[in-house]
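Q: My questions all concern the structure below.
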Amino acid sequence: MGNGQIASLLNALASLLGDSRCLTDEASKHHFGRDWTRFCEPDPVAILFPESITEVQQIIALARRFEVPVVPSGGRTGLSGGAMAAQGELVLSLERMNRILASDTASKSITCQAGAVTAAVQEAAKQMGLMYPVDFASSGSSQIGGNIATNAGGIQVIRYGMTRNWVSGLKVVTGTGELLDLNKGLMKNNTGLDLRHLMIGSEGILGVIVEATLQLCSPPQDTGVAVLGMPSMPAIMSLLERLQAHSTLLAFEFFSDLALEKVINRHGVERPLTTACPFYVLLEYEHSGPEAEAVLLELIESAIDAGTVVDAVCSQNMAQARALWRLREDISETIAEWTPYKNDISTSVSGVPSLIERIEVIVGQRYPHFEVVWYGHIGDGNLHLNILKPDSMAVDEFQRHCKIVSAELFQVVKDSGGSISAEHGVGLLKKEFLHYSRSAEEIALMRAIKRLFDPDLILNPGKVFDLH
Ligand code: MLT
Ligand code: ZN
């Protein structure tokens, strides 16, 4: 687009939204033009803040007329570059469309605008005596629209599943500016293809999510949190099996000693256990009273006696439970300063130990001097492998190194029947590796579907897959 065209576009947008909702200053473009990934620099044309569905439709109409791409944007907590605007795009921020529109106790649901922050929805559900169970460390800033666009998972997937399980209605503005009202909050609706599920996890390439109806559930009775020192991966997996046979787990997370060390050094907190172990498990469990809890604690004690668990610490109150959770939830933010090459892979739960073993061989051989931090939602087979950039290495060079290892890594993931992205999505960072998880036929169908919803190819182009 020439300078004259850009000026006309910006004029049209400013008269639609007013100057305060069409920002073009460098600081705003830098702030809103990127998510949590740090591998490329943002370079959007403008940041737009619509306040209604009609304004979203008008923005899309202008984008089509001027043939300028649009990046739908939520809390920008994504980790795959799905919300990056690095090529002269319009960033369409849903930040001002953040209202809770309706609470329906009989249907156990909440309807909200896409820009509602996850924690605000969780709080609104709590006020109804219910719970929105999708939860993660970024719930204070992530937005519902972004969660849906990435089918966000989080820390309680083992118990409640992913975002997809909780979306009963969606309003979406497509690339033609059409408003789709999908499934309308119904529990049962067998009337042909369910387009709602195409939109969930579509990473902004098919439409702009503007409203959602979310299902809620009853909160668990009593809960407890424990951190266990573990001698090995197989020990972690057999513990998971035993615990699941005797209790209801809300979360079963793991992290390596290096991950713990980074968090402890950053926050100056005490080690949870006196003995350092190769791995730790953080588990949260639901129980119906002291007797039920005692069964679980006895199980952990007998595992310590048998040497399959090294040591354990259990929360006695909410404050302790929070402190234990922080050891796990603070890992991502703590290691961000090393510009980590993040991987978000999954395999079947039983396939986890051998997958980790094979990956450690690859990374150890290729990059014996890189620090590798493991953590993740191991109870559902989702592992976060983070390779830290050595301080002395430039970002570009580090990325080049990591890309080489990625191909080998993803081949191993593929061989294990797993996925190259369990929860962060494909975005920009994983698109060249999509074929390790999806067949050529599937990708061809995805491209065809993209063209149906977005014939002018203005919605988040270059994300998930290229069109040629
Ligand atoms: C997590 O599990 O902490 C999040 O997915 C973020 C991350 O992987 O770094
Ligand atoms: Zn995660």
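Convention: chains lettered A, B, ... in structure tokens order; per-chain residue numbering from 1; ligands numbered from 1 as shown.
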Ligand 1: which residues are within 6 Å, counting only C-alpha atoms and all ligand atoms? Reply as a list in words.

A: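 So the residues close to ligand 1 are Glu329, Ser332, Gly376 and His384 of chain A.
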
Q: Among the residues of range 77-106 of chain A, find those DSSP assigns to strand (DSSP E or B) from the backbone and print them as a count of residues only.

A: 9

Q: Near Thr54 in chain A, counting only C-alpha atoms, which residues have an atom at most 12 Å away, once you skip same-chain residues fewer than 2 positions from it, shown as a PDB file with C-alpha atoms, in the first residue's frame?

A:
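This is the output file selection.pdb:
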```pdb
ATOM      1  CA  LEU A  16     -15.198   5.577  12.199  1.00  0.00           C
ATOM      2  CA  LEU A  17     -13.647   5.149  15.652  1.00  0.00           C
ATOM      3  CA  PRO A  50     -13.940  -1.248  18.338  1.00  0.00           C
ATOM      4  CA  GLU A  51     -16.699  -1.137  20.935  1.00  0.00           C
ATOM      5  CA  SER A  52     -19.428  -3.016  19.086  1.00  0.00           C
ATOM      6  CA  VAL A  56     -15.892  -4.778  13.921  1.00  0.00           C
ATOM      7  CA  GLN A  57     -17.888  -5.353  10.734  1.00  0.00           C
ATOM      8  CA  GLN A  58     -17.107  -1.829   9.522  1.00  0.00           C
ATOM      9  CA  ILE A  59     -13.393  -2.348  10.151  1.00  0.00           C
ATOM     10  CA  ILE A  60     -13.493  -5.577   8.159  1.00  0.00           C
ATOM     11  CA  ALA A  61     -15.296  -3.752   5.326  1.00  0.00           C
ATOM     12  CA  MET A  97     -15.464  -5.265  24.184  1.00  0.00           C
ATOM     13  CA  VAL A 172     -18.020 -14.451  14.878  1.00  0.00           C
ATOM     14  CA  VAL A 173     -17.448 -11.821  12.184  1.00  0.00           C
ATOM     15  CA  GLY A 177     -17.893  -9.030   7.445  1.00  0.00           C
ATOM     16  CA  GLU A 178     -20.814 -11.424   7.936  1.00  0.00           C
ATOM     17  CA  LEU A 179     -21.921 -12.093  11.523  1.00  0.00           C
ATOM     18  CA  VAL A 210     -16.817 -11.121  19.192  1.00  0.00           C
TER      19      VAL A 210
END
```

Q: For Ile378 in chain A, work out the shell of residues within 12 Å, counting only C-alpha atoms and skipping chain neighbours fewer than 4 positions away, then give it as an mmCIF file with all heavy atoms, in the first residue's frame.

A:
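Done, and the output landed in out_21.cif:
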```
data_model
loop_
_atom_site.group_PDB
_atom_site.id
_atom_site.type_symbol
_atom_site.label_atom_id
_atom_site.label_comp_id
_atom_site.auth_asym_id
_atom_site.auth_seq_id
_atom_site.Cartn_x
_atom_site.Cartn_y
_atom_site.Cartn_z
ATOM 1 N N GLY A 154 -4.327 -25.371 29.761
ATOM 2 C CA GLY A 154 -4.030 -24.873 31.100
ATOM 3 C C GLY A 154 -3.805 -25.980 32.101
ATOM 4 O O GLY A 154 -3.453 -27.109 31.741
ATOM 5 N N ILE A 155 -4.045 -25.649 33.374
ATOM 6 C CA ILE A 155 -3.556 -26.505 34.455
ATOM 7 C C ILE A 155 -4.571 -27.553 34.936
ATOM 8 O O ILE A 155 -4.240 -28.384 35.758
ATOM 9 C CB ILE A 155 -3.085 -25.641 35.651
ATOM 10 C CG1 ILE A 155 -4.190 -24.659 36.065
ATOM 11 C CG2 ILE A 155 -1.800 -24.919 35.305
ATOM 12 C CD1 ILE A 155 -3.801 -23.744 37.221
ATOM 13 N N GLN A 156 -5.816 -27.481 34.441
ATOM 14 C CA GLN A 156 -6.801 -28.443 34.935
ATOM 15 C C GLN A 156 -7.436 -29.258 33.802
ATOM 16 O O GLN A 156 -8.563 -29.734 33.931
ATOM 17 C CB GLN A 156 -7.892 -27.714 35.728
ATOM 18 C CG GLN A 156 -7.319 -27.038 36.973
ATOM 19 C CD GLN A 156 -8.379 -26.480 37.901
ATOM 20 O OE1 GLN A 156 -9.516 -26.257 37.498
ATOM 21 N NE2 GLN A 156 -8.014 -26.268 39.145
ATOM 22 N N VAL A 157 -6.694 -29.386 32.711
ATOM 23 C CA VAL A 157 -7.233 -30.124 31.561
ATOM 24 C C VAL A 157 -7.516 -31.579 31.927
ATOM 25 O O VAL A 157 -8.484 -32.186 31.475
ATOM 26 C CB VAL A 157 -6.258 -30.022 30.363
ATOM 27 C CG1 VAL A 157 -6.652 -30.962 29.242
ATOM 28 C CG2 VAL A 157 -6.225 -28.581 29.855
ATOM 29 N N ILE A 158 -6.675 -32.119 32.800
ATOM 30 C CA ILE A 158 -6.832 -33.522 33.209
ATOM 31 C C ILE A 158 -8.226 -33.765 33.800
ATOM 32 O O ILE A 158 -8.809 -34.840 33.660
ATOM 33 C CB ILE A 158 -5.708 -33.909 34.207
ATOM 34 C CG1 ILE A 158 -5.728 -35.398 34.524
ATOM 35 C CG2 ILE A 158 -5.757 -33.104 35.455
ATOM 36 C CD1 ILE A 158 -4.528 -35.842 35.353
ATOM 37 N N MET A 233 11.254 -40.334 35.477
ATOM 38 C CA MET A 233 10.002 -40.187 34.724
ATOM 39 C C MET A 233 9.085 -41.397 34.887
ATOM 40 O O MET A 233 7.884 -41.231 35.120
ATOM 41 C CB MET A 233 10.298 -39.985 33.233
ATOM 42 C CG MET A 233 10.805 -38.622 32.876
ATOM 43 S SD MET A 233 9.771 -37.289 33.498
ATOM 44 C CE MET A 233 8.285 -37.590 32.636
ATOM 45 N N PRO A 234 9.615 -42.637 34.753
ATOM 46 C CA PRO A 234 8.700 -43.782 34.937
ATOM 47 C C PRO A 234 8.023 -43.736 36.307
ATOM 48 O O PRO A 234 6.839 -44.082 36.440
ATOM 49 C CB PRO A 234 9.618 -45.000 34.794
ATOM 50 C CG PRO A 234 10.751 -44.508 33.942
ATOM 51 C CD PRO A 234 10.948 -43.067 34.312
ATOM 52 N N ILE A 236 7.127 -41.107 37.893
ATOM 53 C CA ILE A 236 6.044 -40.100 37.801
ATOM 54 C C ILE A 236 4.802 -40.735 37.177
ATOM 55 O O ILE A 236 3.685 -40.570 37.662
ATOM 56 C CB ILE A 236 6.487 -38.879 36.951
ATOM 57 C CG1 ILE A 236 7.602 -38.107 37.671
ATOM 58 C CG2 ILE A 236 5.306 -37.969 36.650
ATOM 59 C CD1 ILE A 236 8.120 -36.887 36.919
ATOM 60 N N MET A 237 5.031 -41.492 36.103
ATOM 61 C CA MET A 237 3.878 -42.041 35.400
ATOM 62 C C MET A 237 3.178 -43.119 36.226
ATOM 63 O O MET A 237 1.953 -43.213 36.215
ATOM 64 C CB MET A 237 4.302 -42.605 34.023
ATOM 65 C CG MET A 237 4.973 -41.613 33.110
ATOM 66 S SD MET A 237 4.389 -39.901 33.156
ATOM 67 C CE MET A 237 2.875 -39.984 32.246
ATOM 68 N N LEU A 239 3.090 -43.209 39.475
ATOM 69 C CA LEU A 239 2.393 -42.485 40.545
ATOM 70 C C LEU A 239 1.044 -41.951 40.022
ATOM 71 O O LEU A 239 0.011 -42.072 40.691
ATOM 72 C CB LEU A 239 3.252 -41.310 41.034
ATOM 73 C CG LEU A 239 2.581 -40.416 42.070
ATOM 74 C CD1 LEU A 239 2.548 -41.111 43.437
ATOM 75 C CD2 LEU A 239 3.297 -39.071 42.194
ATOM 76 N N LEU A 240 1.090 -41.393 38.829
ATOM 77 C CA LEU A 240 -0.149 -40.854 38.234
ATOM 78 C C LEU A 240 -1.223 -41.943 38.169
ATOM 79 O O LEU A 240 -2.374 -41.731 38.555
ATOM 80 C CB LEU A 240 0.165 -40.305 36.828
ATOM 81 C CG LEU A 240 -1.040 -39.879 35.975
ATOM 82 C CD1 LEU A 240 -1.759 -38.684 36.599
ATOM 83 C CD2 LEU A 240 -0.600 -39.509 34.547
ATOM 84 N N GLU A 241 -0.803 -43.109 37.702
ATOM 85 C CA GLU A 241 -1.768 -44.202 37.552
ATOM 86 C C GLU A 241 -2.373 -44.589 38.905
ATOM 87 O O GLU A 241 -3.586 -44.753 39.037
ATOM 88 C CB GLU A 241 -1.041 -45.399 36.943
ATOM 89 C CG GLU A 241 -1.835 -46.052 35.831
ATOM 90 C CD GLU A 241 -1.034 -47.156 35.182
ATOM 91 O OE1 GLU A 241 0.021 -46.847 34.585
ATOM 92 O OE2 GLU A 241 -1.446 -48.334 35.310
ATOM 93 N N ALA A 251 -5.208 -31.496 38.914
ATOM 94 C CA ALA A 251 -4.010 -31.143 38.150
ATOM 95 C C ALA A 251 -2.906 -32.132 38.493
ATOM 96 O O ALA A 251 -2.834 -32.621 39.630
ATOM 97 C CB ALA A 251 -3.563 -29.727 38.501
ATOM 98 N N PHE A 252 -2.077 -32.426 37.512
ATOM 99 C CA PHE A 252 -0.909 -33.273 37.737
ATOM 100 C C PHE A 252 0.200 -32.719 36.845
ATOM 101 O O PHE A 252 0.295 -33.031 35.668
ATOM 102 C CB PHE A 252 -1.229 -34.736 37.389
ATOM 103 C CG PHE A 252 -0.169 -35.711 37.837
ATOM 104 C CD1 PHE A 252 -0.181 -36.238 39.126
ATOM 105 C CD2 PHE A 252 0.833 -36.129 36.962
ATOM 106 C CE1 PHE A 252 0.797 -37.152 39.537
ATOM 107 C CE2 PHE A 252 1.805 -37.043 37.364
ATOM 108 C CZ PHE A 252 1.779 -37.552 38.663
ATOM 109 N N GLU A 253 1.008 -31.826 37.405
ATOM 110 C CA GLU A 253 2.018 -31.080 36.659
ATOM 111 C C GLU A 253 3.407 -31.591 37.022
ATOM 112 O O GLU A 253 3.595 -32.153 38.103
ATOM 113 C CB GLU A 253 1.932 -29.602 37.046
ATOM 114 C CG GLU A 253 0.588 -28.960 36.769
ATOM 115 C CD GLU A 253 0.435 -28.566 35.315
ATOM 116 O OE1 GLU A 253 1.369 -27.963 34.765
ATOM 117 O OE2 GLU A 253 -0.620 -28.871 34.728
ATOM 118 N N PHE A 254 4.372 -31.360 36.136
ATOM 119 C CA PHE A 254 5.736 -31.710 36.521
ATOM 120 C C PHE A 254 6.688 -30.590 36.131
ATOM 121 O O PHE A 254 6.372 -29.743 35.295
ATOM 122 C CB PHE A 254 6.157 -33.045 35.889
ATOM 123 C CG PHE A 254 6.869 -32.911 34.569
ATOM 124 C CD1 PHE A 254 8.181 -33.347 34.395
ATOM 125 C CD2 PHE A 254 6.232 -32.349 33.477
ATOM 126 C CE1 PHE A 254 8.840 -33.231 33.175
ATOM 127 C CE2 PHE A 254 6.877 -32.227 32.249
ATOM 128 C CZ PHE A 254 8.170 -32.663 32.106
ATOM 129 N N PHE A 255 7.847 -30.567 36.779
ATOM 130 C CA PHE A 255 8.915 -29.658 36.366
ATOM 131 C C PHE A 255 10.255 -30.252 36.776
ATOM 132 O O PHE A 255 10.343 -31.050 37.710
ATOM 133 C CB PHE A 255 8.748 -28.237 36.929
ATOM 134 C CG PHE A 255 8.348 -28.140 38.378
ATOM 135 C CD1 PHE A 255 9.319 -28.020 39.372
ATOM 136 C CD2 PHE A 255 7.020 -28.141 38.751
ATOM 137 C CE1 PHE A 255 8.958 -27.896 40.709
ATOM 138 C CE2 PHE A 255 6.640 -28.030 40.089
ATOM 139 C CZ PHE A 255 7.604 -27.915 41.071
ATOM 140 N N SER A 256 11.297 -29.829 36.046
ATOM 141 C CA SER A 256 12.631 -30.384 36.326
ATOM 142 C C SER A 256 13.310 -29.554 37.409
ATOM 143 O O SER A 256 12.866 -28.450 37.746
ATOM 144 C CB SER A 256 13.470 -30.377 35.048
ATOM 145 O OG SER A 256 13.645 -29.041 34.623
ATOM 146 N N PHE A 279 13.171 -34.535 39.117
ATOM 147 C CA PHE A 279 11.876 -33.970 38.725
ATOM 148 C C PHE A 279 11.001 -33.775 39.958
ATOM 149 O O PHE A 279 11.209 -34.429 40.996
ATOM 150 C CB PHE A 279 11.130 -34.920 37.774
ATOM 151 C CG PHE A 279 11.845 -35.174 36.487
ATOM 152 C CD1 PHE A 279 12.473 -36.392 36.257
ATOM 153 C CD2 PHE A 279 11.893 -34.201 35.497
ATOM 154 C CE1 PHE A 279 13.134 -36.638 35.064
ATOM 155 C CE2 PHE A 279 12.558 -34.436 34.302
ATOM 156 C CZ PHE A 279 13.180 -35.655 34.078
ATOM 157 N N TYR A 280 9.984 -32.914 39.773
ATOM 158 C CA TYR A 280 8.974 -32.717 40.827
ATOM 159 C C TYR A 280 7.602 -32.841 40.188
ATOM 160 O O TYR A 280 7.417 -32.482 39.015
ATOM 161 C CB TYR A 280 9.105 -31.319 41.459
ATOM 162 C CG TYR A 280 10.484 -31.115 42.030
ATOM 163 C CD1 TYR A 280 11.518 -30.656 41.215
ATOM 164 C CD2 TYR A 280 10.769 -31.439 43.352
ATOM 165 C CE1 TYR A 280 12.805 -30.505 41.704
ATOM 166 C CE2 TYR A 280 12.057 -31.290 43.858
ATOM 167 C CZ TYR A 280 13.071 -30.826 43.023
ATOM 168 O OH TYR A 280 14.343 -30.697 43.510
ATOM 169 N N VAL A 281 6.665 -33.321 40.982
ATOM 170 C CA VAL A 281 5.265 -33.329 40.563
ATOM 171 C C VAL A 281 4.518 -32.376 41.456
ATOM 172 O O VAL A 281 4.734 -32.350 42.670
ATOM 173 C CB VAL A 281 4.680 -34.756 40.679
ATOM 174 C CG1 VAL A 281 3.173 -34.725 40.798
ATOM 175 C CG2 VAL A 281 5.100 -35.606 39.492
ATOM 176 N N LEU A 282 3.664 -31.547 40.844
ATOM 177 C CA LEU A 282 2.719 -30.768 41.650
ATOM 178 C C LEU A 282 1.355 -31.347 41.359
ATOM 179 O O LEU A 282 0.956 -31.440 40.187
ATOM 180 C CB LEU A 282 2.743 -29.299 41.266
ATOM 181 C CG LEU A 282 1.792 -28.422 42.109
ATOM 182 C CD1 LEU A 282 2.331 -27.000 42.220
ATOM 183 C CD2 LEU A 282 0.371 -28.378 41.559
ATOM 184 N N LEU A 283 0.656 -31.785 42.405
ATOM 185 C CA LEU A 283 -0.687 -32.286 42.146
ATOM 186 C C LEU A 283 -1.704 -31.541 42.984
ATOM 187 O O LEU A 283 -1.420 -31.099 44.097
ATOM 188 C CB LEU A 283 -0.770 -33.793 42.367
ATOM 189 C CG LEU A 283 -0.403 -34.361 43.713
ATOM 190 C CD1 LEU A 283 -1.652 -34.582 44.551
ATOM 191 C CD2 LEU A 283 0.311 -35.697 43.468
ATOM 192 N N ASP A 344 5.862 -27.134 22.798
ATOM 193 C CA ASP A 344 4.611 -27.392 23.484
ATOM 194 C C ASP A 344 4.032 -28.672 22.888
ATOM 195 O O ASP A 344 3.054 -28.636 22.168
ATOM 196 C CB ASP A 344 3.727 -26.153 23.208
ATOM 197 C CG ASP A 344 2.302 -26.364 23.573
ATOM 198 O OD1 ASP A 344 2.065 -27.006 24.576
ATOM 199 O OD2 ASP A 344 1.425 -25.869 22.832
ATOM 200 N N ILE A 345 4.709 -29.774 23.166
ATOM 201 C CA ILE A 345 4.391 -31.017 22.459
ATOM 202 C C ILE A 345 3.504 -31.921 23.321
ATOM 203 O O ILE A 345 3.424 -31.743 24.535
ATOM 204 C CB ILE A 345 5.690 -31.764 22.089
ATOM 205 C CG1 ILE A 345 6.563 -31.934 23.346
ATOM 206 C CG2 ILE A 345 6.442 -31.004 21.011
ATOM 207 C CD1 ILE A 345 7.903 -32.589 23.104
ATOM 208 N N SER A 346 2.863 -32.876 22.660
ATOM 209 C CA SER A 346 2.097 -33.843 23.450
ATOM 210 C C SER A 346 2.214 -35.229 22.838
ATOM 211 O O SER A 346 2.508 -35.380 21.654
ATOM 212 C CB SER A 346 0.620 -33.449 23.521
ATOM 213 O OG SER A 346 0.028 -33.567 22.253
ATOM 214 N N THR A 347 1.967 -36.198 23.676
ATOM 215 C CA THR A 347 1.828 -37.573 23.205
ATOM 216 C C THR A 347 0.862 -38.271 24.156
ATOM 217 O O THR A 347 0.311 -37.624 25.053
ATOM 218 C CB THR A 347 3.207 -38.278 23.131
ATOM 219 O OG1 THR A 347 3.036 -39.512 22.421
ATOM 220 C CG2 THR A 347 3.801 -38.546 24.507
ATOM 221 N N SER A 348 0.639 -39.551 23.933
ATOM 222 C CA SER A 348 -0.245 -40.248 24.864
ATOM 223 C C SER A 348 0.443 -40.253 26.235
ATOM 224 O O SER A 348 1.681 -40.233 26.316
ATOM 225 C CB SER A 348 -0.477 -41.681 24.403
ATOM 226 O OG SER A 348 0.757 -42.358 24.393
ATOM 227 N N VAL A 349 -0.359 -40.301 27.297
ATOM 228 C CA VAL A 349 0.221 -40.252 28.645
ATOM 229 C C VAL A 349 1.246 -41.378 28.817
ATOM 230 O O VAL A 349 2.357 -41.162 29.320
ATOM 231 C CB VAL A 349 -0.898 -40.315 29.705
ATOM 232 C CG1 VAL A 349 -0.311 -40.433 31.095
ATOM 233 C CG2 VAL A 349 -1.784 -39.070 29.603
ATOM 234 N N SER A 350 0.910 -42.567 28.324
ATOM 235 C CA SER A 350 1.835 -43.687 28.520
ATOM 236 C C SER A 350 3.103 -43.531 27.683
ATOM 237 O O SER A 350 4.142 -44.121 27.997
ATOM 238 C CB SER A 350 1.145 -45.015 28.190
ATOM 239 O OG SER A 350 0.628 -44.936 26.879
ATOM 240 N N GLY A 351 3.016 -42.710 26.624
ATOM 241 C CA GLY A 351 4.194 -42.547 25.748
ATOM 242 C C GLY A 351 5.176 -41.492 26.250
ATOM 243 O O GLY A 351 6.236 -41.308 25.639
ATOM 244 N N VAL A 352 4.835 -40.804 27.346
ATOM 245 C CA VAL A 352 5.652 -39.664 27.797
ATOM 246 C C VAL A 352 7.100 -40.040 28.148
ATOM 247 O O VAL A 352 8.038 -39.417 27.623
ATOM 248 C CB VAL A 352 4.951 -38.925 28.969
ATOM 249 C CG1 VAL A 352 5.918 -38.020 29.697
ATOM 250 C CG2 VAL A 352 3.769 -38.120 28.454
ATOM 251 N N PRO A 353 7.361 -41.048 29.015
ATOM 252 C CA PRO A 353 8.766 -41.290 29.399
ATOM 253 C C PRO A 353 9.668 -41.575 28.213
ATOM 254 O O PRO A 353 10.766 -41.020 28.110
ATOM 255 C CB PRO A 353 8.683 -42.514 30.332
ATOM 256 C CG PRO A 353 7.292 -42.517 30.833
ATOM 257 C CD PRO A 353 6.442 -41.947 29.733
ATOM 258 N N LEU A 355 9.255 -40.661 25.118
ATOM 259 C CA LEU A 355 9.418 -39.459 24.294
ATOM 260 C C LEU A 355 10.470 -38.541 24.918
ATOM 261 O O LEU A 355 11.377 -38.055 24.227
ATOM 262 C CB LEU A 355 8.066 -38.723 24.155
ATOM 263 C CG LEU A 355 8.111 -37.455 23.303
ATOM 264 C CD1 LEU A 355 8.491 -37.766 21.860
ATOM 265 C CD2 LEU A 355 6.770 -36.719 23.322
ATOM 266 N N ILE A 356 10.370 -38.328 26.221
ATOM 267 C CA ILE A 356 11.347 -37.450 26.880
ATOM 268 C C ILE A 356 12.762 -38.026 26.725
ATOM 269 O O ILE A 356 13.719 -37.319 26.411
ATOM 270 C CB ILE A 356 11.002 -37.260 28.372
ATOM 271 C CG1 ILE A 356 9.719 -36.438 28.498
ATOM 272 C CG2 ILE A 356 12.151 -36.569 29.124
ATOM 273 C CD1 ILE A 356 9.415 -35.947 29.904
ATOM 274 N N TRP A 374 12.518 -28.426 31.432
ATOM 275 C CA TRP A 374 11.306 -29.218 31.195
ATOM 276 C C TRP A 374 10.240 -28.868 32.233
ATOM 277 O O TRP A 374 10.541 -28.740 33.410
ATOM 278 C CB TRP A 374 11.591 -30.714 31.376
ATOM 279 C CG TRP A 374 12.321 -31.406 30.270
ATOM 280 C CD1 TRP A 374 13.640 -31.734 30.252
ATOM 281 C CD2 TRP A 374 11.763 -31.899 29.047
ATOM 282 N NE1 TRP A 374 13.957 -32.397 29.087
ATOM 283 C CE2 TRP A 374 12.819 -32.511 28.326
ATOM 284 C CE3 TRP A 374 10.484 -31.890 28.480
ATOM 285 C CZ2 TRP A 374 12.630 -33.110 27.091
ATOM 286 C CZ3 TRP A 374 10.301 -32.478 27.242
ATOM 287 C CH2 TRP A 374 11.369 -33.080 26.557
ATOM 288 N N ASN A 382 1.071 -33.447 27.969
ATOM 289 C CA ASN A 382 1.558 -32.191 27.364
ATOM 290 C C ASN A 382 2.847 -31.733 28.052
ATOM 291 O O ASN A 382 2.859 -31.456 29.248
ATOM 292 C CB ASN A 382 0.451 -31.142 27.502
ATOM 293 C CG ASN A 382 0.834 -29.744 27.000
ATOM 294 O OD1 ASN A 382 0.088 -28.807 27.226
ATOM 295 N ND2 ASN A 382 1.943 -29.579 26.322
ATOM 296 N N LEU A 383 3.930 -31.676 27.254
ATOM 297 C CA LEU A 383 5.247 -31.329 27.798
ATOM 298 C C LEU A 383 5.732 -30.007 27.229
ATOM 299 O O LEU A 383 5.653 -29.789 26.022
ATOM 300 C CB LEU A 383 6.267 -32.404 27.395
ATOM 301 C CG LEU A 383 5.867 -33.853 27.675
ATOM 302 C CD1 LEU A 383 6.828 -34.797 26.966
ATOM 303 C CD2 LEU A 383 5.883 -34.099 29.166
ATOM 304 N N HIS A 384 6.253 -29.144 28.086
ATOM 305 C CA HIS A 384 6.877 -27.917 27.615
ATOM 306 C C HIS A 384 8.386 -28.089 27.693
ATOM 307 O O HIS A 384 8.956 -28.185 28.785
ATOM 308 C CB HIS A 384 6.446 -26.725 28.459
ATOM 309 C CG HIS A 384 4.983 -26.413 28.348
ATOM 310 N ND1 HIS A 384 4.355 -26.269 27.132
ATOM 311 C CD2 HIS A 384 4.014 -26.232 29.282
ATOM 312 C CE1 HIS A 384 3.079 -25.998 27.331
ATOM 313 N NE2 HIS A 384 2.846 -25.979 28.626
ATOM 314 N N LEU A 385 9.005 -28.133 26.518
ATOM 315 C CA LEU A 385 10.462 -28.219 26.429
ATOM 316 C C LEU A 385 10.958 -26.836 26.038
ATOM 317 O O LEU A 385 10.604 -26.320 24.982
ATOM 318 C CB LEU A 385 10.832 -29.238 25.334
ATOM 319 C CG LEU A 385 12.253 -29.170 24.789
ATOM 320 C CD1 LEU A 385 13.254 -29.643 25.811
ATOM 321 C CD2 LEU A 385 12.365 -30.016 23.527
ATOM 322 N N ALA A 422 0.439 -28.779 21.610
ATOM 323 C CA ALA A 422 -0.663 -29.294 22.431
ATOM 324 C C ALA A 422 -1.599 -28.190 22.863
ATOM 325 O O ALA A 422 -2.800 -28.401 22.986
ATOM 326 C CB ALA A 422 -0.094 -29.984 23.668
#
```

Q: At a cut-off of 7 Å, using only C-alpha atoms, what residues contact His287 in chain A? Leave out same-chain residues fewer than 3 positions from it and give the result as a PyMOL selection string.

A: chain A and resi 221-223+292-293

Q: For Pro231 in chain A, which of A:Leu13, A:Ile209, A:Ala276, A:Ile300 is the closest residue, counting only C-alpha atoms?

A: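 Looking at the shortest contact to Pro231 in chain A, the residue is A:Ala276.
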
Q: Let me make sure I understand: among A:Leu299, A:Ile331, A:Ala336, A:Ile144, which one has the smallest atom-to-atom distance to ligand 2 if we use only C-alpha atoms and all ligand atoms?

A: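 Of all the options, A:Ile331 lies closest to ligand 2.
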
Q: At a cut-off of 10 Å, using only C-alpha atoms, what residues contact Asp415 in chain A? Leave out same-chain residues fewer than 3 positions from it and give the result as a list of chain:residue names.

A: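 In the requested format, the answer is A:Thr347, A:Leu355, A:Leu409, A:Phe410, A:Gln411, A:Val412, A:Gly418, A:Ser419, A:Tyr436.
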
Q: Measuring between only C-alpha atoms, which one of A:Ser8, A:Ser80, A:Thr118, A:Asn265 shows the shortest distance to Lys431 in chain A?

A: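 Comparing A:Ser8, A:Ser80, A:Thr118, A:Asn265 against Lys431 in chain A, the winner is A:Ser80.
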
Q: From the options A:Leu249, A:Leu214, A:Ala319, A:Ala137, which residue's atoms come nearest to ligand 2, counting only C-alpha atoms and all ligand atoms?

A: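 Among the listed residues, A:Ala137 lies closest to ligand 2.
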
Q: Compile the contact shell of range 397-404 of chain A as JSON, numbers by chain: residues with an atom at most 10 Å away, counting only C-alpha atoms, same-chain residues fewer than 2 positions apart removed.

A: {"A": [39, 339, 340, 341, 342, 363, 366, 367, 387, 388, 389, 390, 392, 393, 394, 395, 406, 407, 408, 409, 429, 430, 432, 433]}

Q: I need the residue nearest ligand 2 from this list: A:Gly153, A:Gly417, A:Gly307, A:Gly81. Use only C-alpha atoms and all ligand atoms for the distance.

A: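 The shortest atom-to-atom distance to ligand 2 comes from A:Gly153.
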